[in-house]
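See below for the structure under consideration.
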Amino acid sequence: MAGEGMAFFSFAWWEIFLGGISTLAVFSFLYRENPFYRFFEHLYIGIATGWGIIAAVRNFLWPRVFKPLLGADLMVFPDGSLSQPYNQAYLLFLLPMSFGLLYYAILSKRHSWLAQLVIGFELGYAGGLAFKGTFIELLPQLFDSFRPLYVPGSAAESLANIVFVLTLTSSMVYFFFTFKRTPGGIVSRCSGVGRWMMMGCFGAFFGSTIMARMALLVERLDFLIHQWAALFY
Amino acid sequence: MFSFLERVDRRIIYILVAVSVAVPLIFNVSLRPAPMATADAFFTAVERLEPGKIVLISADFGPGTLAENRPQAELAIEHLMRKRIGFAMISVYALASPFLRQLPEDVAARLEREMPGQKWEYGKDWINLGFQPGGMIAIQGIAKAEDMRVFLKTDANNIPLEDLPLMKDVKSIKDISLLMQFTGLLGVFNAWVQYFQGPLFLHGCTSVTIPEAFIYFSSKQIAGFFEGIAGAAWYEVMLSERFPQRGSYNVALRVNTGLSFAHLVVLAFIVLGNAGLLFGRRKE
């Protein structure tokens, strides 16, 4: 067990101890809303946000942008010469950086229109990338939806393919809203089948969501029992 | 008589679920999980790997999905280390940074205890490329880079990639045999599918996204995947059978067993609640 044999009040001891207290604080919500829970909820949000900022600065902004831009990655020899000449192309970094900083104009009533330029640029490139990505992602799935209804020598696969095609077509019919449906008609019946198929799918999603949430509970209890409680015996 | 079943306080249900989960954890009970074809496919893909090319592991998870994604990633890393396949850790999710460092170190330490005399070293057996901001742009950049060592420059410890033995023969995406991606985040998995075309793709998802992951498995966009913690538990059984020296150590089986007990309690309450409703109505 992780807590066993750990030096009292070492960094690792405090790490597990505070982790246990935070977990119990969050669990206290199950009894009722309380200030203890509220405090740790805000603490977690703050830590997660701060962590994201520091991670971006440490792993990207400093080593890949500011360090080369400021020439901090160059070694200065005792005679004052540099290990290699400063690459002035890095100054071009200032252009996208200045453009990006316009986002903060959103804080000013008078200059907020400048932020719209950045937002527009962002929407443009994200839209372009998403357009390309969607095709790359969905085309193989589209091809996969063309399945033989009869697979020689495999009744199970044939049945699976029939159920697949029935589910696909009936679910698609459910979303045809461009023509009138007569009650009891083929389109209406097919749409009803599609509705039931989707209900089954939603059931699977709901069940798997419960499973995911339960897994979180089990992991936390495992931590409390095998690591946190072990600190005290 | 049965009407009280409709008015059971939710806190009593919480306590019963907690107790049902805690008991198997305290007594270290572990049940054999159901076999899973998707985890089998994951296992086979790793077994077929030959040393030479590296594996890219994108651990895009944080504390929110740690319960499921961490055992998945840990088992996959263990499998790679036992087979002496080099790998690089990376993430496009900031909160994953500690796990990129910690996971391989923990597994290497455990394996070194199990096999005295053998060593797994940073730089030779694995590297940490760290958190890469920019999401899909970062993924696309890595996929298109002619020389990854020039594009990424350094690892998470600011060591130039050219100085790391593992990266000696790795230039482009063609030198990556496999991509393993672990996440519970919407959109991140799709971004890897869309922009990292080429290497075989293996995925570890949380239980929430299992039904969705089957679409990608069926269309062969992913070659195998872990169905939440249950998939990881089955993988652990296969790993223990393949490497019997592993002993009784378990990382996913324990959680999966607790989960099974919790499900039984939930099912019991669903049955009892409905029974209460049914008998209550009949009485009326």
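Every chain in the structure tokens has a letter given in the order shown (A, B, ...), and although residue numbers restart at 1 in each chain, ligands are simply numbered from 1 in the order shown.
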If we count only C-alpha atoms, what is near A:Met198 at a cut-off of 8 Å, once residues fewer than 4 positions away on the same chain are taken out, given as a PDB file with N, CA, C and O atoms, in the first residue's frame?
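After the write, out13.pdb holds the following:
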ATOM      1  N   SER A 171     -33.449   4.677 -38.848  1.00  0.00           N
ATOM      2  CA  SER A 171     -33.065   5.891 -38.092  1.00  0.00           C
ATOM      3  C   SER A 171     -32.994   7.094 -39.026  1.00  0.00           C
ATOM      4  O   SER A 171     -33.356   8.211 -38.638  1.00  0.00           O
ATOM      5  N   GLY A 194     -37.247   3.199 -36.373  1.00  0.00           N
ATOM      6  CA  GLY A 194     -36.034   4.008 -36.165  1.00  0.00           C
ATOM      7  C   GLY A 194     -36.010   4.619 -34.782  1.00  0.00           C
ATOM      8  O   GLY A 194     -34.967   4.656 -34.117  1.00  0.00           O
ATOM      9  N   PHE A 202     -29.755   5.100 -27.035  1.00  0.00           N
ATOM     10  CA  PHE A 202     -29.673   6.037 -25.902  1.00  0.00           C
ATOM     11  C   PHE A 202     -29.536   5.270 -24.587  1.00  0.00           C
ATOM     12  O   PHE A 202     -28.848   5.691 -23.665  1.00  0.00           O
TER      13      PHE A 202
END
Q | Spatial neighbours of A:Phe176, 12 Å, only C-alpha atoms, chain gap at least 3 places, as a PyMOL selection string | A | chain A and resi 169-173+179-181+187-188+190-191+194
Please produce a file of those selected residues containing N, CA, C and O atoms, as a PDB file, in the first residue's frame.
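To be explicit, this is the file written out as out.pdb:
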ATOM      1  N   THR A 169     -31.150   2.516 -41.855  1.00  0.00           N
ATOM      2  CA  THR A 169     -32.169   3.099 -42.739  1.00  0.00           C
ATOM      3  C   THR A 169     -33.362   3.633 -41.936  1.00  0.00           C
ATOM      4  O   THR A 169     -33.835   4.738 -42.206  1.00  0.00           O
ATOM      5  N   SER A 170     -33.818   2.875 -40.938  1.00  0.00           N
ATOM      6  CA  SER A 170     -34.995   3.331 -40.184  1.00  0.00           C
ATOM      7  C   SER A 170     -34.682   4.591 -39.379  1.00  0.00           C
ATOM      8  O   SER A 170     -35.512   5.488 -39.270  1.00  0.00           O
ATOM      9  N   SER A 171     -33.449   4.677 -38.848  1.00  0.00           N
ATOM     10  CA  SER A 171     -33.065   5.891 -38.092  1.00  0.00           C
ATOM     11  C   SER A 171     -32.994   7.094 -39.026  1.00  0.00           C
ATOM     12  O   SER A 171     -33.356   8.211 -38.638  1.00  0.00           O
ATOM     13  N   MET A 172     -32.519   6.853 -40.250  1.00  0.00           N
ATOM     14  CA  MET A 172     -32.440   7.969 -41.204  1.00  0.00           C
ATOM     15  C   MET A 172     -33.836   8.417 -41.621  1.00  0.00           C
ATOM     16  O   MET A 172     -34.089   9.615 -41.755  1.00  0.00           O
ATOM     17  N   VAL A 173     -34.734   7.457 -41.797  1.00  0.00           N
ATOM     18  CA  VAL A 173     -36.112   7.798 -42.184  1.00  0.00           C
ATOM     19  C   VAL A 173     -36.761   8.657 -41.099  1.00  0.00           C
ATOM     20  O   VAL A 173     -37.515   9.586 -41.399  1.00  0.00           O
ATOM     21  N   PHE A 179     -41.473  15.283 -46.220  1.00  0.00           N
ATOM     22  CA  PHE A 179     -42.748  14.872 -46.820  1.00  0.00           C
ATOM     23  C   PHE A 179     -43.727  14.381 -45.745  1.00  0.00           C
ATOM     24  O   PHE A 179     -43.309  13.980 -44.648  1.00  0.00           O
ATOM     25  N   LYS A 180     -44.984  14.439 -46.134  1.00  0.00           N
ATOM     26  CA  LYS A 180     -46.053  14.147 -45.169  1.00  0.00           C
ATOM     27  C   LYS A 180     -46.082  12.660 -44.806  1.00  0.00           C
ATOM     28  O   LYS A 180     -45.908  11.806 -45.667  1.00  0.00           O
ATOM     29  N   ARG A 181     -46.291  12.418 -43.536  1.00  0.00           N
ATOM     30  CA  ARG A 181     -46.383  11.018 -43.092  1.00  0.00           C
ATOM     31  C   ARG A 181     -47.845  10.682 -42.800  1.00  0.00           C
ATOM     32  O   ARG A 181     -48.468  11.360 -41.987  1.00  0.00           O
ATOM     33  N   VAL A 187     -43.754   4.891 -44.373  1.00  0.00           N
ATOM     34  CA  VAL A 187     -42.740   5.837 -43.851  1.00  0.00           C
ATOM     35  C   VAL A 187     -42.925   6.033 -42.342  1.00  0.00           C
ATOM     36  O   VAL A 187     -41.971   6.016 -41.575  1.00  0.00           O
ATOM     37  N   SER A 188     -44.180   6.147 -41.943  1.00  0.00           N
ATOM     38  CA  SER A 188     -44.473   6.338 -40.528  1.00  0.00           C
ATOM     39  C   SER A 188     -44.039   5.125 -39.698  1.00  0.00           C
ATOM     40  O   SER A 188     -43.454   5.258 -38.617  1.00  0.00           O
ATOM     41  N   CYS A 190     -41.788   2.850 -40.553  1.00  0.00           N
ATOM     42  CA  CYS A 190     -40.321   2.763 -40.609  1.00  0.00           C
ATOM     43  C   CYS A 190     -39.703   3.756 -39.619  1.00  0.00           C
ATOM     44  O   CYS A 190     -38.742   3.439 -38.906  1.00  0.00           O
ATOM     45  N   SER A 191     -40.296   4.958 -39.571  1.00  0.00           N
ATOM     46  CA  SER A 191     -39.805   5.984 -38.651  1.00  0.00           C
ATOM     47  C   SER A 191     -39.978   5.532 -37.197  1.00  0.00           C
ATOM     48  O   SER A 191     -39.138   5.783 -36.334  1.00  0.00           O
ATOM     49  N   GLY A 194     -37.247   3.199 -36.373  1.00  0.00           N
ATOM     50  CA  GLY A 194     -36.034   4.008 -36.165  1.00  0.00           C
ATOM     51  C   GLY A 194     -36.010   4.619 -34.782  1.00  0.00           C
ATOM     52  O   GLY A 194     -34.967   4.656 -34.117  1.00  0.00           O
TER      53      GLY A 194
END
Q) Could you write out as a ChimeraX atom specification the residues of chain B within 6 Å of chain A, counting only C-alpha atoms? A) /B:67,94,194,207-208,219,255
Q | Coordinates-based distance that separates atom CA of B:Ala39 from atom CA of B:Phe182 (Å, one decimal) | A |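 According to the coordinates, atom CA of B:Phe182 and atom CA of B:Ala39 are separated by 13.5 Å.
The neighbours of stretch 115-121 of chain A here are the residues that come within 10 Å of it, using only C-alpha atoms and leaving out any residue fewer than 5 positions away in the same chain; they are Phe99, Gly100, Leu101, Leu102, Tyr103, Tyr104, Ala105, Ile106, Leu107, Ser108, Ala126 and Gly127 of chain A.
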Q) Residues at most 10 Å from A:Val163, counting only C-alpha atoms, excluding those fewer than 5 positions away in the same chain, as a list of chain:residue names? A)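 Final neighbour list, sorted by chain and number: A:Leu149, A:Glu157, A:Ser158, A:Leu168, A:Met197.
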Can I get the selection written as a short mmCIF file (atom, residue, chain, number, x, y, z; two decimals), in the first residue's frame, with all heavy atoms?
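Listed below is the output, result-v2.cif:
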data_model
loop_
_atom_site.label_atom_id
_atom_site.label_comp_id
_atom_site.auth_asym_id
_atom_site.auth_seq_id
_atom_site.Cartn_x
_atom_site.Cartn_y
_atom_site.Cartn_z
N LEU A 149 -26.09 -8.30 -47.17
CA LEU A 149 -27.11 -8.82 -46.25
C LEU A 149 -26.99 -10.34 -46.09
O LEU A 149 -27.54 -10.91 -45.17
CB LEU A 149 -28.50 -8.45 -46.75
CG LEU A 149 -28.78 -6.94 -46.78
CD1 LEU A 149 -30.19 -6.67 -47.32
CD2 LEU A 149 -28.65 -6.33 -45.39
N GLU A 157 -23.03 -13.28 -38.95
CA GLU A 157 -22.62 -12.02 -39.60
C GLU A 157 -23.74 -11.48 -40.49
O GLU A 157 -23.96 -10.26 -40.56
CB GLU A 157 -21.34 -12.25 -40.42
CG GLU A 157 -20.52 -10.98 -40.56
CD GLU A 157 -19.23 -11.21 -41.34
OE1 GLU A 157 -18.64 -12.31 -41.25
OE2 GLU A 157 -18.83 -10.29 -42.05
N SER A 158 -24.43 -12.43 -41.17
CA SER A 158 -25.56 -12.01 -42.03
C SER A 158 -26.61 -11.31 -41.18
O SER A 158 -27.10 -10.23 -41.54
CB SER A 158 -26.20 -13.21 -42.72
OG SER A 158 -25.25 -13.88 -43.49
N LEU A 168 -29.82 1.49 -39.52
CA LEU A 168 -29.33 2.68 -40.24
C LEU A 168 -30.45 3.33 -41.05
O LEU A 168 -30.69 4.54 -40.92
CB LEU A 168 -28.16 2.28 -41.15
CG LEU A 168 -27.56 3.41 -41.99
CD1 LEU A 168 -26.69 4.30 -41.12
CD2 LEU A 168 -26.72 2.85 -43.13
N MET A 197 -35.08 1.99 -32.31
CA MET A 197 -33.65 1.67 -32.44
C MET A 197 -32.82 2.72 -31.71
O MET A 197 -31.85 2.41 -31.01
CB MET A 197 -33.23 1.60 -33.91
CG MET A 197 -33.86 0.46 -34.68
SD MET A 197 -33.34 -1.12 -34.02
CE MET A 197 -33.97 -2.26 -35.21
#
**Q.** Shell around stretch 109-126 of chain B at 7 Å using only C-alpha atoms, local window under 5 positions removed, as a PyMOL selection string
**A.** chain B and resi 86-88+164-166
Restricting the output to C-alpha atoms, write the selected residues as a compact mmCIF listing (two decimals), in the first residue's frame.
# COMPACT_ATOMS: atom_id res chain seq x y z
CA GLY B 86 10.33 2.20 -27.55
CA PHE B 87 7.60 4.78 -27.15
CA ALA B 88 7.03 8.52 -26.88
CA LEU B 164 17.94 11.23 -27.23
CA PRO B 165 18.95 7.74 -28.45
CA LEU B 166 15.33 6.68 -29.03
**Q.** Contacts of A:Pro85 within 10 Å, only C-alpha atoms, excl. fewer than 3 positions in-chain, as a list in words
**A.**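 Near neighbours after the sequence-gap exclusion: Gly71, Leu74, Ser81, Leu82 and Gln88 of chain A.
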Write the residues of the preceding selection, restricted to N, CA, C and O atoms, as a tab-separated table (two decimals), in the first residue's frame.
chain	number	residue	atom	x	y	z
A	71	GLY	N	16.46	35.37	-27.97
A	71	GLY	CA	17.84	34.88	-28.12
A	71	GLY	C	18.35	34.21	-26.86
A	71	GLY	O	19.55	34.03	-26.68
A	74	LEU	N	20.66	31.09	-27.02
A	74	LEU	CA	22.03	31.21	-27.53
A	74	LEU	C	23.01	31.31	-26.36
A	74	LEU	O	22.71	31.96	-25.36
A	81	SER	N	31.10	36.81	-27.71
A	81	SER	CA	30.53	36.29	-28.97
A	81	SER	C	29.45	35.24	-28.66
A	81	SER	O	29.40	34.67	-27.57
A	82	LEU	N	28.54	35.01	-29.64
A	82	LEU	CA	27.43	34.07	-29.45
A	82	LEU	C	27.76	32.71	-30.06
A	82	LEU	O	28.57	32.61	-30.99
A	88	GLN	N	17.19	36.41	-37.31
A	88	GLN	CA	16.23	37.52	-37.29
A	88	GLN	C	14.84	37.12	-37.76
A	88	GLN	O	13.88	37.86	-37.56
